[in-house]
Amino acid sequence: MALTIHGSSRSRTMRVLWMATEVGVDFQHDPIAFDDPRLKSDAFLRLNPAGAIPTIEDDGFALSESLAIDLYLAKRYALGSLYPTSLEGEAQVWRWSLWAQGQLEPWLMRDALLADLRAAIAGCAGPVIAAALTVLERALADRIWLIGGSFTVADLNVAAVLSPSRAEHLDLAPYPSVSARLARCYARPAALATRARFG
């Protein structure tokens, strides 16, 4: 099997598992946990110098960072469907993926290691999250998906940042387009199959 996905499904690796399922590529899953000492072994550090998950190996190519992995898998295995062929479409995919990681994810992370930090920034997080969700709501006001008329890696990456385990802590009532889009994303056959298999 050419593709190996390293990382526990109880981490950002779940996004990568969803993407691999979405593009229909066969893969092997190594469910290594974020704190497994093997991540600091010489062999793993050659794959990912940060010694972190998720990390993939695809025909001798290693890559880390979940959203970057998703972009790579979409472009390699679903160019023209999940990954646009135009330069402008590609720019939009990158824009929304980077936006989600920069504008939403820092405020939504539920990592146990960040519990003290979450408590310390709780008063600041609400308005920042609301502003980001307002941007997303505006972008979706006249469309079903973020780019063009079909689901792309941009939709998957934004939905992955707004995962069900994170979204359940948000009041999405003021954001009906965001809420509907998340429901559509997580109702996709690949999303359901991934959650059933790895969730």
# chains A, B, ... in the order shown; residues from 1 in each chain; ligands from 1
>>> residues_around(residues="A:Ala68", least_positions_apart="6", cutoff="12 Å", atoms="only C-alpha atoms", output="VMD selection string")
chain A and resid 12 to 13 15 to 16 19 54 to 56 62 74 to 75 93 to 94 97 to 98 101 153 to 154 157
>>> select_by_dssp(residues="chain A", states="strand (DSSP E)", output="list in words")
Leu3, Thr4, Ile5, His6, Phe27, Gln28, His29, Asp30, Thr55, Ile56, Glu57, Asp58, Phe61, Ala62, Leu63 and Ser64 of chain A
>>> write_last_selection(atoms="all heavy atoms", output="compact mmCIF listing (two decimals), in the first residue's frame")
# COMPACT_ATOMS: atom_id res chain seq x y z
N LEU A 3 0.12 4.60 0.48
CA LEU A 3 -0.13 5.68 1.44
C LEU A 3 -0.26 5.13 2.85
O LEU A 3 -1.06 4.22 3.10
CB LEU A 3 -1.41 6.43 1.06
CG LEU A 3 -1.86 7.54 2.01
CD1 LEU A 3 -0.83 8.68 2.08
CD2 LEU A 3 -3.22 8.08 1.61
N THR A 4 0.51 5.70 3.77
CA THR A 4 0.38 5.39 5.19
C THR A 4 0.07 6.68 5.92
O THR A 4 0.72 7.71 5.70
CB THR A 4 1.68 4.78 5.76
OG1 THR A 4 1.97 3.58 5.05
CG2 THR A 4 1.53 4.47 7.24
N ILE A 5 -0.94 6.63 6.78
CA ILE A 5 -1.34 7.79 7.59
C ILE A 5 -1.01 7.47 9.04
O ILE A 5 -1.56 6.54 9.62
CB ILE A 5 -2.84 8.08 7.43
CG1 ILE A 5 -3.18 8.36 5.97
CG2 ILE A 5 -3.26 9.23 8.34
CD1 ILE A 5 -4.67 8.47 5.67
N HIS A 6 -0.08 8.23 9.60
CA HIS A 6 0.33 8.06 10.99
C HIS A 6 -0.46 9.04 11.86
O HIS A 6 -0.47 10.24 11.59
CB HIS A 6 1.81 8.36 11.17
CG HIS A 6 2.72 7.50 10.34
ND1 HIS A 6 3.05 6.22 10.70
CD2 HIS A 6 3.35 7.75 9.16
CE1 HIS A 6 3.87 5.72 9.78
NE2 HIS A 6 4.06 6.63 8.83
N PHE A 27 -5.27 3.11 1.82
CA PHE A 27 -4.24 3.56 2.75
C PHE A 27 -4.15 2.61 3.93
O PHE A 27 -5.08 1.88 4.24
CB PHE A 27 -4.51 4.99 3.23
CG PHE A 27 -5.80 5.16 4.01
CD1 PHE A 27 -5.84 5.01 5.39
CD2 PHE A 27 -6.97 5.48 3.35
CE1 PHE A 27 -7.02 5.16 6.10
CE2 PHE A 27 -8.16 5.66 4.05
CZ PHE A 27 -8.19 5.50 5.43
N GLN A 28 -3.00 2.68 4.57
CA GLN A 28 -2.77 1.96 5.83
C GLN A 28 -2.80 3.00 6.94
O GLN A 28 -2.25 4.10 6.78
CB GLN A 28 -1.41 1.27 5.79
CG GLN A 28 -1.07 0.52 7.06
CD GLN A 28 0.29 -0.17 6.95
OE1 GLN A 28 0.83 -0.38 5.87
NE2 GLN A 28 0.85 -0.49 8.09
N HIS A 29 -3.44 2.68 8.05
CA HIS A 29 -3.52 3.62 9.17
C HIS A 29 -2.68 3.11 10.33
O HIS A 29 -2.86 1.98 10.80
CB HIS A 29 -4.98 3.78 9.62
CG HIS A 29 -5.14 4.71 10.77
ND1 HIS A 29 -5.98 4.45 11.83
CD2 HIS A 29 -4.55 5.90 11.04
CE1 HIS A 29 -5.91 5.44 12.70
NE2 HIS A 29 -5.06 6.32 12.24
N ASP A 30 -1.76 3.92 10.77
CA ASP A 30 -0.93 3.66 11.95
C ASP A 30 -1.46 4.57 13.06
O ASP A 30 -1.15 5.76 13.08
CB ASP A 30 0.53 3.98 11.64
CG ASP A 30 1.41 3.99 12.87
OD1 ASP A 30 1.05 3.36 13.89
OD2 ASP A 30 2.48 4.65 12.82
N THR A 55 1.12 12.62 10.20
CA THR A 55 2.19 12.58 9.20
C THR A 55 1.80 11.50 8.21
O THR A 55 1.25 10.46 8.61
CB THR A 55 3.54 12.25 9.85
OG1 THR A 55 3.89 13.30 10.76
CG2 THR A 55 4.64 12.10 8.83
N ILE A 56 2.07 11.74 6.95
CA ILE A 56 1.81 10.71 5.94
C ILE A 56 3.11 10.32 5.25
O ILE A 56 4.07 11.09 5.23
CB ILE A 56 0.78 11.14 4.88
CG1 ILE A 56 1.31 12.30 4.02
CG2 ILE A 56 -0.57 11.45 5.50
CD1 ILE A 56 0.54 12.53 2.73
N GLU A 57 3.08 9.13 4.69
CA GLU A 57 4.09 8.66 3.75
C GLU A 57 3.34 8.22 2.51
O GLU A 57 2.42 7.41 2.60
CB GLU A 57 4.86 7.47 4.31
CG GLU A 57 5.71 7.77 5.52
CD GLU A 57 6.35 6.51 6.04
OE1 GLU A 57 7.39 6.10 5.48
OE2 GLU A 57 5.81 5.93 7.00
N ASP A 58 3.69 8.79 1.37
CA ASP A 58 3.02 8.46 0.12
C ASP A 58 4.06 8.23 -0.96
O ASP A 58 4.67 9.17 -1.46
CB ASP A 58 2.07 9.60 -0.28
CG ASP A 58 1.17 9.25 -1.44
OD1 ASP A 58 0.88 8.04 -1.63
OD2 ASP A 58 0.74 10.16 -2.16
N PHE A 61 7.27 9.89 -0.19
CA PHE A 61 7.16 11.31 0.15
C PHE A 61 6.49 11.43 1.52
O PHE A 61 5.44 10.85 1.75
CB PHE A 61 6.32 12.04 -0.91
CG PHE A 61 6.01 13.47 -0.57
CD1 PHE A 61 7.01 14.43 -0.55
CD2 PHE A 61 4.71 13.85 -0.27
CE1 PHE A 61 6.72 15.76 -0.22
CE2 PHE A 61 4.40 15.17 0.05
CZ PHE A 61 5.41 16.13 0.08
N ALA A 62 7.11 12.19 2.43
CA ALA A 62 6.55 12.39 3.77
C ALA A 62 6.07 13.82 3.91
O ALA A 62 6.69 14.76 3.40
CB ALA A 62 7.61 12.08 4.83
N LEU A 63 4.96 13.98 4.61
CA LEU A 63 4.38 15.30 4.82
C LEU A 63 3.65 15.32 6.15
O LEU A 63 3.03 14.33 6.55
CB LEU A 63 3.41 15.65 3.68
CG LEU A 63 2.80 17.05 3.66
CD1 LEU A 63 3.88 18.12 3.46
CD2 LEU A 63 1.73 17.15 2.58
N SER A 64 3.71 16.47 6.82
CA SER A 64 2.97 16.65 8.07
C SER A 64 2.10 17.88 7.95
O SER A 64 2.11 18.56 6.93
CB SER A 64 3.94 16.78 9.25
OG SER A 64 4.82 17.87 9.04
>>> closest_residue(among="A:Ile147, A:Ala167, A:Val23, A:Ala119", to="A:Ser86", atoms="only C-alpha atoms")
A:Ile147
>>> select_by_dssp(residues="chain A", states="helix (DSSP H, G or I)", output="PyMOL selection string")
chain A and resi 13-23+37-40+42-47+66-77+87-108+112-139+153-161+164-167+176-186+189-198
>>> atom_distance(atom1="atom CA of A:Pro127", atom2="atom CA of A:His169")
14.4 Å
>>> closest_residue(among="A:Asp116, A:Glu105, A:Glu65, A:Asp42", to="A:Val161", atoms="only C-alpha atoms")
A:Glu105
>>> atom_distance(atom1="atom CA of A:Ala180", atom2="atom CA of A:Thr85")
26.6 Å
>>> closest_residue(among="A:Asn48, A:Ser9, A:Thr134, A:Thr194", to="A:Pro174", atoms="only C-alpha atoms")
A:Thr134
